$ cat protein.csv   # CSV, C-alpha atoms and all ligand atoms
chain,number,residue,atom,x,y,z
A,1,MET,CA,46.4,-23.6,55.7
A,2,GLU,CA,43.6,-24.4,53.3
A,3,ILE,CA,45.3,-22.5,50.5
A,4,LYS,CA,48.5,-24.4,51.0
A,5,GLU,CA,46.7,-27.7,50.9
A,6,ASN,CA,44.9,-26.6,47.7
A,7,LYS,CA,48.2,-25.8,46.1
A,8,LYS,CA,49.5,-29.2,47.0
A,9,SER,CA,46.3,-30.8,45.7
A,10,TRP,CA,46.5,-29.0,42.4
A,11,LYS,CA,50.0,-30.3,41.9
A,12,SER,CA,49.1,-33.8,42.8
A,13,GLY,CA,46.3,-33.9,40.2
A,14,ARG,CA,43.5,-34.0,42.7
A,15,ILE,CA,40.0,-33.0,41.4
A,16,LEU,CA,39.1,-29.9,43.4
A,17,VAL,CA,35.5,-28.9,44.0
A,18,THR,CA,35.9,-25.9,41.7
A,19,ARG,CA,38.4,-24.3,39.3
A,20,SER,CA,38.5,-20.6,38.4
A,21,SER,CA,37.6,-19.6,34.9
A,22,LEU,CA,40.4,-17.6,33.3
A,23,PRO,CA,40.5,-15.9,29.9
A,24,PRO,CA,43.4,-16.5,27.4
A,25,LEU,CA,46.4,-14.8,29.0
A,26,GLU,CA,47.0,-12.6,25.9
A,27,GLU,CA,43.5,-11.3,26.1
A,28,TYR,CA,44.0,-10.2,29.7
A,29,VAL,CA,47.4,-8.7,28.9
A,30,ASP,CA,45.8,-6.7,26.1
A,31,GLU,CA,43.1,-5.6,28.4
A,32,ILE,CA,45.5,-4.2,31.1
A,33,ARG,CA,47.9,-2.6,28.6
A,34,ASP,CA,46.2,0.8,28.9
A,35,LEU,CA,46.8,0.9,32.6
A,36,TRP,CA,50.5,1.4,31.9
A,37,GLU,CA,49.6,4.5,29.9
A,38,SER,CA,47.1,6.0,32.4
A,39,HIS,CA,48.8,4.9,35.6
A,40,TRP,CA,45.2,4.9,37.0
A,41,ILE,CA,45.0,1.5,38.7
A,42,THR,CA,42.1,1.9,41.2
A,43,ASN,CA,39.5,4.4,42.5
A,44,MET,CA,36.8,4.1,39.8
A,45,GLY,CA,39.0,4.2,36.7
A,46,ALA,CA,38.1,3.5,33.1
A,47,LYS,CA,37.9,-0.3,33.4
A,48,HIS,CA,35.7,0.0,36.5
A,49,GLU,CA,33.3,2.3,34.6
A,50,GLU,CA,33.2,0.1,31.6
A,51,LEU,CA,32.6,-3.1,33.6
A,52,ARG,CA,29.9,-1.3,35.7
A,53,GLU,CA,27.9,-0.4,32.7
A,54,ALA,CA,28.4,-3.9,31.1
A,55,LEU,CA,27.2,-5.7,34.2
A,56,ARG,CA,24.3,-3.3,34.8
A,57,ALA,CA,23.0,-4.1,31.4
A,58,TYR,CA,23.7,-7.8,31.7
A,59,LEU,CA,21.9,-8.1,35.1
A,60,GLY,CA,19.0,-5.9,34.0
A,61,ALA,CA,19.6,-3.6,36.9
A,62,GLU,CA,18.4,0.0,37.1
A,63,HIS,CA,21.7,0.9,38.8
A,64,LEU,CA,24.8,-1.0,39.8
A,65,GLU,CA,27.8,-0.4,42.0
A,66,LEU,CA,31.0,-2.5,42.0
A,67,PHE,CA,32.8,-3.7,45.1
A,68,THR,CA,36.0,-5.3,46.1
A,69,ASN,CA,34.1,-8.5,47.0
A,70,GLY,CA,30.7,-9.9,47.6
A,71,HIS,CA,30.8,-9.7,51.3
A,72,MET,CA,31.4,-5.9,51.4
A,73,ALA,CA,28.5,-5.6,48.8
A,74,ILE,CA,26.1,-7.2,51.3
A,75,GLU,CA,27.6,-5.5,54.4
A,76,LEU,CA,27.5,-2.0,52.9
A,77,SER,CA,24.1,-2.5,51.3
A,78,LEU,CA,22.7,-3.3,54.8
A,79,GLN,CA,24.4,-0.2,56.1
A,80,ALA,CA,23.1,2.0,53.3
A,81,MET,CA,19.5,0.9,54.0
A,82,GLU,CA,19.9,2.8,57.3
A,83,LEU,CA,17.8,0.4,59.3
A,84,PRO,CA,17.1,1.3,62.9
A,85,GLU,CA,19.8,0.2,65.3
A,86,GLY,CA,19.2,-3.4,66.5
A,87,SER,CA,16.5,-4.1,64.0
A,88,GLU,CA,15.7,-7.7,63.1
A,89,VAL,CA,16.6,-9.1,59.7
A,90,ILE,CA,14.9,-12.4,58.6
A,91,THR,CA,17.3,-14.6,56.8
A,92,THR,CA,18.5,-18.2,56.3
A,93,PRO,CA,21.1,-20.1,58.3
A,94,PHE,CA,21.7,-22.4,55.3
A,95,THR,CA,24.3,-20.1,53.6
A,96,PHE,CA,27.9,-19.0,53.6
A,97,ALA,CA,29.4,-17.2,56.6
A,98,SER,CA,29.1,-13.9,54.8
A,99,THR,CA,25.3,-13.5,54.9
A,100,THR,CA,25.0,-13.8,58.7
A,101,HIS,CA,28.2,-11.9,59.5
A,102,ALA,CA,27.0,-9.0,57.3
A,103,ILE,CA,23.9,-8.7,59.5
A,104,VAL,CA,25.7,-9.0,62.8
A,105,ARG,CA,28.6,-6.7,61.8
A,106,ASN,CA,25.9,-4.0,61.2
A,107,GLY,CA,24.6,-4.3,64.7
A,108,LEU,CA,21.5,-5.9,63.4
A,109,GLN,CA,19.8,-9.1,64.7
A,110,PRO,CA,19.5,-12.1,62.4
A,111,VAL,CA,16.3,-14.0,62.8
A,112,PHE,CA,16.5,-17.4,61.1
A,113,CYS,CA,13.7,-18.7,58.9
A,114,ASP,CA,13.7,-22.4,57.8
A,115,ILE,CA,14.2,-23.5,54.2
A,116,ASP,CA,12.2,-25.5,51.8
A,117,PRO,CA,13.4,-29.2,51.8
A,118,GLU,CA,13.4,-29.5,48.0
A,119,THR,CA,14.6,-26.1,46.7
A,120,PHE,CA,16.9,-25.3,49.7
A,121,VAL,CA,15.9,-21.6,49.7
A,122,LEU,CA,14.0,-19.7,52.4
A,123,ASP,CA,10.5,-21.0,52.8
A,124,PRO,CA,8.3,-17.9,52.6
A,125,ALA,CA,5.6,-19.7,54.5
A,126,GLY,CA,7.8,-19.4,57.6
A,127,ILE,CA,8.3,-15.6,57.4
A,128,ASP,CA,5.0,-14.3,58.8
A,129,ALA,CA,5.4,-16.0,62.1
A,130,LEU,CA,8.8,-14.4,62.6
A,131,ILE,CA,7.8,-10.8,62.0
A,132,THR,CA,7.8,-8.5,65.0
A,133,ASP,CA,7.6,-4.7,65.4
A,134,ARG,CA,11.4,-4.7,65.1
A,135,THR,CA,11.6,-6.5,61.8
A,136,ALA,CA,13.2,-4.2,59.2
A,137,ALA,CA,14.4,-6.4,56.3
A,138,ILE,CA,14.5,-9.8,54.7
A,139,LEU,CA,17.9,-11.1,53.5
A,140,PRO,CA,17.2,-14.3,51.5
A,141,VAL,CA,19.9,-16.2,49.6
A,142,HIS,CA,19.5,-17.7,46.1
A,143,VAL,CA,21.2,-20.9,47.4
A,144,TYR,CA,23.2,-22.9,44.7
A,145,GLY,CA,21.7,-20.5,42.2
A,146,ASN,CA,18.2,-21.7,42.9
A,147,LEU,CA,15.9,-18.7,42.8
A,148,CYS,CA,14.0,-17.8,46.0
A,149,ASP,CA,10.3,-17.4,45.8
A,150,VAL,CA,10.7,-13.8,44.8
A,151,ASP,CA,7.0,-13.2,44.3
A,152,ALA,CA,5.9,-14.4,47.7
A,153,ILE,CA,8.8,-12.6,49.4
A,154,GLY,CA,8.0,-9.4,47.5
A,155,GLN,CA,4.4,-9.6,48.7
A,156,ILE,CA,5.3,-10.1,52.3
A,157,ALA,CA,7.8,-7.2,52.2
A,158,GLN,CA,5.1,-4.9,50.8
A,159,LYS,CA,2.5,-6.0,53.3
A,160,TYR,CA,4.8,-5.2,56.3
A,161,GLY,CA,6.9,-2.4,54.8
A,162,LEU,CA,10.2,-4.4,54.8
A,163,LYS,CA,13.3,-4.0,52.7
A,164,VAL,CA,14.5,-7.0,50.7
A,165,ILE,CA,18.2,-7.5,50.0
A,166,TYR,CA,19.0,-10.7,48.1
A,167,ASP,CA,22.3,-12.5,48.6
A,168,ALA,CA,22.6,-13.3,44.9
A,169,ALA,CA,26.2,-14.5,45.2
A,170,HIS,CA,25.3,-17.8,43.6
A,171,ALA,CA,22.9,-16.5,40.9
A,172,PHE,CA,25.0,-14.6,38.4
A,173,GLY,CA,24.0,-15.4,34.8
A,174,GLU,CA,20.4,-16.5,35.5
A,175,GLU,CA,17.0,-15.4,34.2
A,176,TYR,CA,13.5,-16.0,35.5
A,177,ARG,CA,10.4,-15.8,33.3
A,178,GLY,CA,11.7,-12.9,31.2
A,179,HIS,CA,13.3,-11.1,34.2
A,180,GLN,CA,17.0,-10.7,34.6
A,181,ILE,CA,18.5,-11.6,37.9
A,182,GLY,CA,19.3,-8.0,39.0
A,183,GLU,CA,15.7,-6.9,38.9
A,184,PHE,CA,14.5,-8.4,42.3
A,185,GLY,CA,14.1,-6.8,45.7
A,186,ASP,CA,15.5,-3.4,46.8
A,187,ALA,CA,19.0,-4.7,46.2
A,188,SER,CA,20.7,-7.9,45.0
A,189,CYS,CA,24.3,-8.5,46.0
A,190,PHE,CA,26.6,-10.6,43.7
A,191,SER,CA,30.0,-12.1,44.4
A,192,PHE,CA,32.7,-12.4,41.7
A,193,HIS,CA,35.1,-14.4,43.8
A,194,ALA,CA,37.5,-16.7,42.0
A,195,THR,CA,35.3,-19.7,42.9
A,196,LYS,CA,32.1,-18.4,41.5
A,197,VAL,CA,30.5,-18.9,38.0
A,198,TYR,CA,31.8,-15.5,36.9
A,199,ASN,CA,34.9,-14.0,38.5
A,200,THR,CA,36.9,-10.7,38.7
A,201,ILE,CA,39.5,-12.5,40.8
A,202,GLU,CA,37.8,-11.0,43.9
A,203,GLY,CA,34.9,-8.7,43.4
A,204,GLY,CA,31.2,-8.0,43.9
A,205,ALA,CA,28.3,-5.8,42.9
A,206,VAL,CA,25.0,-4.5,44.1
A,207,ALA,CA,22.1,-4.1,41.7
A,208,TYR,CA,19.5,-1.7,43.1
A,209,ARG,CA,16.6,0.7,42.3
A,210,ASP,CA,16.7,3.7,44.7
A,211,GLU,CA,19.1,6.4,43.7
A,212,SER,CA,19.5,8.0,47.1
A,213,PHE,CA,20.4,4.5,48.5
A,214,GLY,CA,22.9,4.3,45.7
A,215,ARG,CA,24.6,7.6,46.5
A,216,LEU,CA,25.1,6.5,50.1
A,217,LEU,CA,26.3,3.0,49.0
A,218,TYR,CA,28.9,4.6,46.7
A,219,ARG,CA,30.2,6.8,49.5
A,220,LEU,CA,30.3,4.0,52.0
A,221,LYS,CA,32.7,2.0,49.7
A,222,ASN,CA,35.0,5.0,49.7
A,223,PHE,CA,35.4,5.8,53.4
A,224,GLY,CA,32.1,7.8,53.5
A,225,ILE,CA,33.8,10.7,51.6
A,226,ARG,CA,31.3,13.1,50.1
A,227,ASP,CA,33.9,15.6,48.8
A,228,ALA,CA,37.5,16.7,49.5
A,229,GLU,CA,36.5,18.3,52.8
A,230,THR,CA,33.3,16.4,53.8
A,231,VAL,CA,33.2,12.9,55.2
A,232,ASP,CA,29.6,12.2,56.3
A,233,GLY,CA,29.4,8.4,56.4
A,234,ILE,CA,31.3,5.9,58.5
A,235,GLY,CA,32.4,4.0,55.5
A,236,ALA,CA,34.9,1.3,54.6
A,237,ASN,CA,37.2,0.8,51.7
A,238,ALA,CA,35.5,-1.6,49.3
A,239,LYS,CA,36.4,-0.3,45.8
A,240,MET,CA,37.1,-2.6,42.9
A,241,ASN,CA,40.6,-2.0,41.4
A,242,GLU,CA,41.3,-1.8,37.6
A,243,PHE,CA,43.1,-5.2,37.4
A,244,CYS,CA,40.0,-6.9,38.8
A,245,ALA,CA,37.7,-4.9,36.5
A,246,ALA,CA,39.9,-5.9,33.5
A,247,MET,CA,39.6,-9.5,34.5
A,248,GLY,CA,35.8,-9.0,34.7
A,249,LEU,CA,35.6,-7.5,31.2
A,250,CYS,CA,37.6,-10.5,29.8
A,251,ASN,CA,35.6,-13.1,31.7
A,252,LEU,CA,32.3,-11.6,30.6
A,253,ARG,CA,33.1,-12.2,27.0
A,254,HIS,CA,33.6,-15.9,27.7
A,255,LEU,CA,30.6,-16.3,30.0
A,256,PRO,CA,28.2,-17.9,27.4
A,257,GLU,CA,30.6,-20.7,26.6
A,258,LYS,CA,31.4,-21.2,30.3
A,259,LEU,CA,27.7,-21.5,31.2
A,260,LYS,CA,27.2,-23.9,28.4
A,261,SER,CA,30.0,-26.1,29.6
A,262,ARG,CA,28.7,-26.1,33.2
A,263,LYS,CA,25.3,-27.1,31.9
A,264,GLU,CA,26.8,-30.1,30.1
A,265,ALA,CA,28.7,-31.1,33.3
A,266,ALA,CA,25.6,-30.8,35.4
A,267,GLU,CA,23.5,-32.8,33.0
A,268,ARG,CA,26.1,-35.6,32.9
A,269,TYR,CA,25.9,-35.8,36.7
A,270,ARG,CA,22.2,-35.8,36.6
A,271,GLU,CA,22.1,-38.6,34.1
A,272,ARG,CA,24.2,-40.8,36.4
A,273,LEU,CA,22.7,-39.9,39.8
A,274,GLU,CA,19.1,-39.1,39.2
A,275,GLY,CA,16.7,-41.8,40.4
A,276,VAL,CA,19.2,-43.6,42.6
A,277,PRO,CA,17.4,-44.5,45.9
A,278,GLY,CA,18.5,-42.3,48.8
A,279,LEU,CA,20.0,-39.5,46.6
A,280,ARG,CA,18.1,-36.2,46.2
A,281,LEU,CA,19.3,-33.7,43.7
A,282,LEU,CA,18.4,-30.0,43.4
A,283,LYS,CA,14.9,-29.2,42.2
A,284,PRO,CA,15.3,-26.0,40.2
A,285,LYS,CA,12.5,-23.4,40.3
A,286,ASP,CA,10.1,-23.7,37.4
A,287,GLY,CA,10.9,-21.1,34.8
A,288,LEU,CA,14.4,-20.5,35.9
A,289,LYS,CA,17.3,-20.4,33.4
A,290,GLN,CA,20.0,-21.9,35.6
A,291,ASN,CA,23.7,-21.1,35.8
A,292,TYR,CA,24.7,-24.6,37.2
A,293,ALA,CA,26.8,-23.0,39.9
A,294,TYR,CA,26.9,-26.1,42.2
A,295,PHE,CA,25.9,-29.7,42.1
A,296,PRO,CA,24.5,-30.5,45.6
A,297,VAL,CA,23.4,-34.1,46.5
A,298,VAL,CA,21.4,-34.9,49.7
A,299,PHE,CA,22.1,-38.4,51.1
A,300,ASN,CA,19.4,-40.3,52.9
A,301,GLU,CA,21.6,-42.8,54.7
A,302,LYS,CA,18.8,-45.4,55.3
A,303,GLU,CA,17.8,-45.6,51.7
A,304,PHE,CA,21.3,-45.1,50.1
A,305,GLY,CA,23.2,-47.2,52.6
A,306,ALA,CA,25.9,-44.7,53.4
A,307,THR,CA,26.1,-41.3,55.1
A,308,ARG,CA,27.2,-38.0,53.6
A,309,ASN,CA,30.4,-38.3,55.6
A,310,ASP,CA,31.1,-41.8,54.3
A,311,VAL,CA,30.8,-40.5,50.7
A,312,PHE,CA,32.9,-37.4,51.5
A,313,ALA,CA,35.7,-39.7,53.0
A,314,ALA,CA,35.5,-42.1,50.0
A,315,LEU,CA,35.8,-39.2,47.5
A,316,ASP,CA,38.7,-37.8,49.5
A,317,ARG,CA,40.5,-41.2,49.4
A,318,ALA,CA,40.0,-41.2,45.6
A,319,GLY,CA,41.6,-37.8,45.3
A,320,ILE,CA,38.3,-35.9,44.8
A,321,GLY,CA,37.5,-32.8,46.8
A,322,ALA,CA,33.8,-32.5,47.5
A,323,ARG,CA,32.5,-29.9,49.9
A,324,LYS,CA,30.0,-30.0,52.8
A,325,TYR,CA,28.4,-26.8,51.6
A,326,PHE,CA,26.6,-25.6,53.8
A,327,TYR,CA,27.7,-27.4,57.0
A,328,PRO,CA,27.5,-26.3,59.7
A,329,LEU,CA,24.6,-23.9,59.6
A,330,THR,CA,25.7,-20.3,60.3
A,331,SER,CA,23.5,-20.4,63.4
A,332,SER,CA,25.8,-23.2,64.8
A,333,TYR,CA,29.1,-21.3,64.3
A,334,THR,CA,31.5,-21.2,67.3
A,335,CYS,CA,31.5,-17.4,67.2
A,336,TYR,CA,27.7,-17.5,67.7
A,337,GLN,CA,27.7,-20.1,70.5
A,338,GLY,CA,24.7,-19.7,72.8
A,339,ARG,CA,23.2,-16.9,70.7
A,340,PHE,CA,21.0,-18.9,68.3
A,341,ASP,CA,19.1,-22.2,68.4
A,342,PRO,CA,19.8,-24.2,65.2
A,343,GLY,CA,16.9,-26.5,66.2
A,344,GLN,CA,14.6,-23.7,65.2
A,345,THR,CA,15.3,-24.4,61.6
A,346,PRO,CA,14.9,-28.2,61.6
A,347,VAL,CA,14.8,-28.6,57.8
A,348,ALA,CA,18.0,-26.6,57.3
A,349,LEU,CA,19.7,-28.6,60.1
A,350,HIS,CA,18.6,-31.9,58.6
A,351,ILE,CA,19.9,-31.0,55.1
A,352,SER,CA,23.2,-29.4,56.3
A,353,LYS,CA,24.1,-32.8,57.9
A,354,ARG,CA,23.4,-34.7,54.6
A,355,VAL,CA,24.4,-32.5,51.8
A,356,LEU,CA,27.6,-32.6,49.7
A,357,THR,CA,28.4,-30.5,46.6
A,358,LEU,CA,30.3,-32.4,44.0
A,359,PRO,CA,33.1,-30.8,41.9
A,360,LEU,CA,31.6,-28.6,39.1
A,361,TYR,CA,33.3,-26.1,36.9
A,362,ALA,CA,33.5,-25.0,33.3
A,363,ASP,CA,35.6,-27.2,30.9
A,364,MET,CA,35.5,-30.2,33.3
A,365,ASP,CA,36.7,-33.5,31.8
A,366,PRO,CA,33.5,-35.7,31.4
A,367,ARG,CA,35.6,-38.7,32.4
A,368,ASP,CA,36.2,-37.0,35.8
A,369,ILE,CA,32.5,-36.7,36.3
A,370,ASP,CA,32.1,-40.4,35.5
A,371,ARG,CA,34.8,-41.3,38.0
A,372,ILE,CA,33.3,-39.1,40.7
A,373,CYS,CA,29.8,-40.7,40.1
A,374,SER,CA,31.2,-44.2,40.3
A,375,VAL,CA,32.9,-43.4,43.6
A,376,VAL,CA,29.6,-42.0,44.9
A,377,LEU,CA,27.6,-44.9,43.7
A,378,SER,CA,30.1,-47.5,45.0
A,379,CYS,CA,29.3,-46.2,48.6
A,380,GLY,CA,25.7,-47.1,48.3
A,381,THR,CA,24.0,-50.5,48.7
A,382,GLU,CA,21.9,-50.4,45.6
A,383,ARG,CA,23.6,-49.3,42.4
A,384,LYS,CA,22.0,-47.8,39.3
A,385,THR,CA,23.0,-49.8,36.3
A,386,HIS,CA,24.0,-48.2,33.0
A,387,GLY,CA,23.9,-49.7,29.6
A,401,LIG,C1,30.8,-16.3,48.0
A,401,LIG,C2,29.6,-15.9,48.8
A,401,LIG,C3,29.5,-14.6,49.5
A,401,LIG,C4,30.7,-13.7,49.7
A,401,LIG,O1,31.3,-13.3,48.5
A,401,LIG,P1,32.9,-12.9,48.5
A,401,LIG,O2,33.0,-12.3,47.1
A,401,LIG,O3,33.6,-14.2,48.7
A,401,LIG,O4,33.1,-11.9,49.5
A,401,LIG,C5,28.3,-14.3,50.1
A,401,LIG,N1,27.3,-15.1,50.2
A,401,LIG,C6,27.3,-16.3,49.6
A,401,LIG,C7,26.1,-17.2,49.6
A,401,LIG,C8,28.5,-16.7,48.9
A,401,LIG,O5,28.5,-18.0,48.4

$ encode --input "protein.csv" --output "structure tokens"
Amino acid sequence: MEIKENKKSWKSGRILVTRSSLPPLEEYVDEIRDLWESHWITNMGAKHEELREALRAYLGAEHLELFTNGHMAIELSLQAMELPEGSEVITTPFTFASTTHAIVRNGLQPVFCDIDPETFVLDPAGIDALITDRTAAILPVHVYGNLCDVDAIGQIAQKYGLKVIYDAAHAFGEEYRGHQIGEFGDASCFSFHATKVYNTIEGGAVAYRDESFGRLLYRLKNFGIRDAETVDGIGANAKMNEFCAAMGLCNLRHLPEKLKSRKEAAERYRERLEGVPGLRLLKPKDGLKQNYAYFPVVFNEKEFGATRNDVFAALDRAGIGARKYFYPLTSSYTCYQGRFDPGQTPVALHISKRVLTLPLYADMDPRDIDRICSVVLSCGTERKTHG
């Protein structure tokens, strides 16, 4: 349904919230040409191995495994941690469905910690109070590419002997104080979905440290097969195929220019929206080299004079697709009805009702940004004036 609407929107010239980066067609065709010689199109072929090493180096990871998507990267990382059945995992409800589902689908119990109102990531000050003798891991999310408080989380994990798995689906391409983004926690899971900063059409990866975890992780993405006659893990099928790996090799070459283009778009938004009463923009972590994955705006209806939903509707009427990202909280999903209390994370609940992410992608027409901002500002009572 959504896909059909998107197709229609693309034809009607609507501005969508995101647009997938693609390499020049000839470059991709050249990249996949070898596959017609080898006839090896999946199961850890040559492109897979080349991409794995390129991304390992790019992310500063000790080790790296590729996946068919970001969700399976998270779900199988949790499984490969071999946490005791029914253990608790401290996480955020202000995220995409995948994070919470990955915990529940492993038979683990999500325990929701609130977020920081300015950075939108897990507030480490809330973690201590949630720890019980059943807590086994922390699964924080680098929401919108804003880095979690990796130092504080690392200290808490060490103090209580917990595993840390980062949902780094939004954080590809970033650096923090001389550290690459694949260096944090026991594992960091990335998504290379078409809508992300960097894509392999669909794809994902786990950057990790421990080799025995890695061996199990590798088997789990291939049905738990150890060798031709031994299957010793209850695995899934989550391998990245050669066509996706080839797309990844091409897109990686163009990444620097795409990041630069995103930065320009985000700065143009910021120039037009920063300082407008009632609008709050993302506060990036000090020392973070950002990837400009999303442009979230939090609307304070009293000060701004319009609600998030008013602005969403006005943009929609103007042919602009913004996204209520993340609304609702995962703890409010229909499938979890009666199971969690969203009121336990009041900051996350407050923000999810007021946030909108505006369209942002590489090679965006600056005039589109200006038009989007003027629609947003026209909803408010007080308008920022520009010379
Ligand atoms: C996109 C995303 C995922 C899942 O990645 P897929 O590659 O789409 O499976 C997980 N977590 C977050 C926060 C995401 O945005």

$ residues_near_ligand --input "protein.csv" --ligand "ligand LIG 401 (chain A)" --cutoff "7 Å" --atoms "all atoms listed in the file" --output "PyMOL selection string"
chain A and resi 69-72+95-96+98-99+141+143+167+169-170+191-193+196+202-204

$ write_last_selection --input "protein.csv" --atoms "C-alpha atoms" --output "PDB file, in the coordinates of the input"
ATOM      1  CA  ASN A  69      34.100  -8.500  47.000  1.00  0.00           C
ATOM      2  CA  GLY A  70      30.700  -9.900  47.600  1.00  0.00           C
ATOM      3  CA  HIS A  71      30.800  -9.700  51.300  1.00  0.00           C
ATOM      4  CA  MET A  72      31.400  -5.900  51.400  1.00  0.00           C
ATOM      5  CA  THR A  95      24.300 -20.100  53.600  1.00  0.00           C
ATOM      6  CA  PHE A  96      27.900 -19.000  53.600  1.00  0.00           C
ATOM      7  CA  SER A  98      29.100 -13.900  54.800  1.00  0.00           C
ATOM      8  CA  THR A  99      25.300 -13.500  54.900  1.00  0.00           C
ATOM      9  CA  VAL A 141      19.900 -16.200  49.600  1.00  0.00           C
ATOM     10  CA  VAL A 143      21.200 -20.900  47.400  1.00  0.00           C
ATOM     11  CA  ASP A 167      22.300 -12.500  48.600  1.00  0.00           C
ATOM     12  CA  ALA A 169      26.200 -14.500  45.200  1.00  0.00           C
ATOM     13  CA  HIS A 170      25.300 -17.800  43.600  1.00  0.00           C
ATOM     14  CA  SER A 191      30.000 -12.100  44.400  1.00  0.00           C
ATOM     15  CA  PHE A 192      32.700 -12.400  41.700  1.00  0.00           C
ATOM     16  CA  HIS A 193      35.100 -14.400  43.800  1.00  0.00           C
ATOM     17  CA  LYS A 196      32.100 -18.400  41.500  1.00  0.00           C
ATOM     18  CA  GLU A 202      37.800 -11.000  43.900  1.00  0.00           C
ATOM     19  CA  GLY A 203      34.900  -8.700  43.400  1.00  0.00           C
ATOM     20  CA  GLY A 204      31.200  -8.000  43.900  1.00  0.00           C
TER      21      GLY A 204
END

$ atom_distance --input "protein.csv" --atom1 "CA of Asn309 in chain A" --atom2 "CA of Leu122 in chain A"
25.0 Å

$ atom_distance --input "protein.csv" --atom1 "CA of Cys244 in chain A" --atom2 "CA of Thr200 in chain A"
4.9 Å

$ closest_residue --input "protein.csv" --among "A:Ser188, A:Gln180, A:Thr307, A:Thr230" --to "Ser77 in chain A" --atoms "all atoms listed in the file"
A:Ser188

$ closest_residue --input "protein.csv" --among "A:Arg262, A:Arg33, A:Arg134, A:Arg268" --to "Pro84 in chain A" --atoms "only C-alpha atoms"
A:Arg134

$ closest_residue --input "protein.csv" --among "A:Tyr176, A:Tyr144, A:Phe340, A:Tyr292" --to "Leu259 in chain A" --atoms "all atoms listed in the file"
A:Tyr292

$ atom_distance --input "protein.csv" --atom1 "CA of Gly214 in chain A" --atom2 "CA of Gly178 in chain A"
25.1 Å

$ closest_residue --input "protein.csv" --among "A:Ile15, A:Met44, A:Leu329, A:Cys379" --to "Glu303 in chain A" --atoms "all atoms listed in the file"
A:Cys379

$ closest_residue --input "protein.csv" --among "A:Leu147, A:Ala187, A:Leu249, A:Leu22" --to "Lys285 in chain A" --atoms "all atoms listed in the file"
A:Leu147
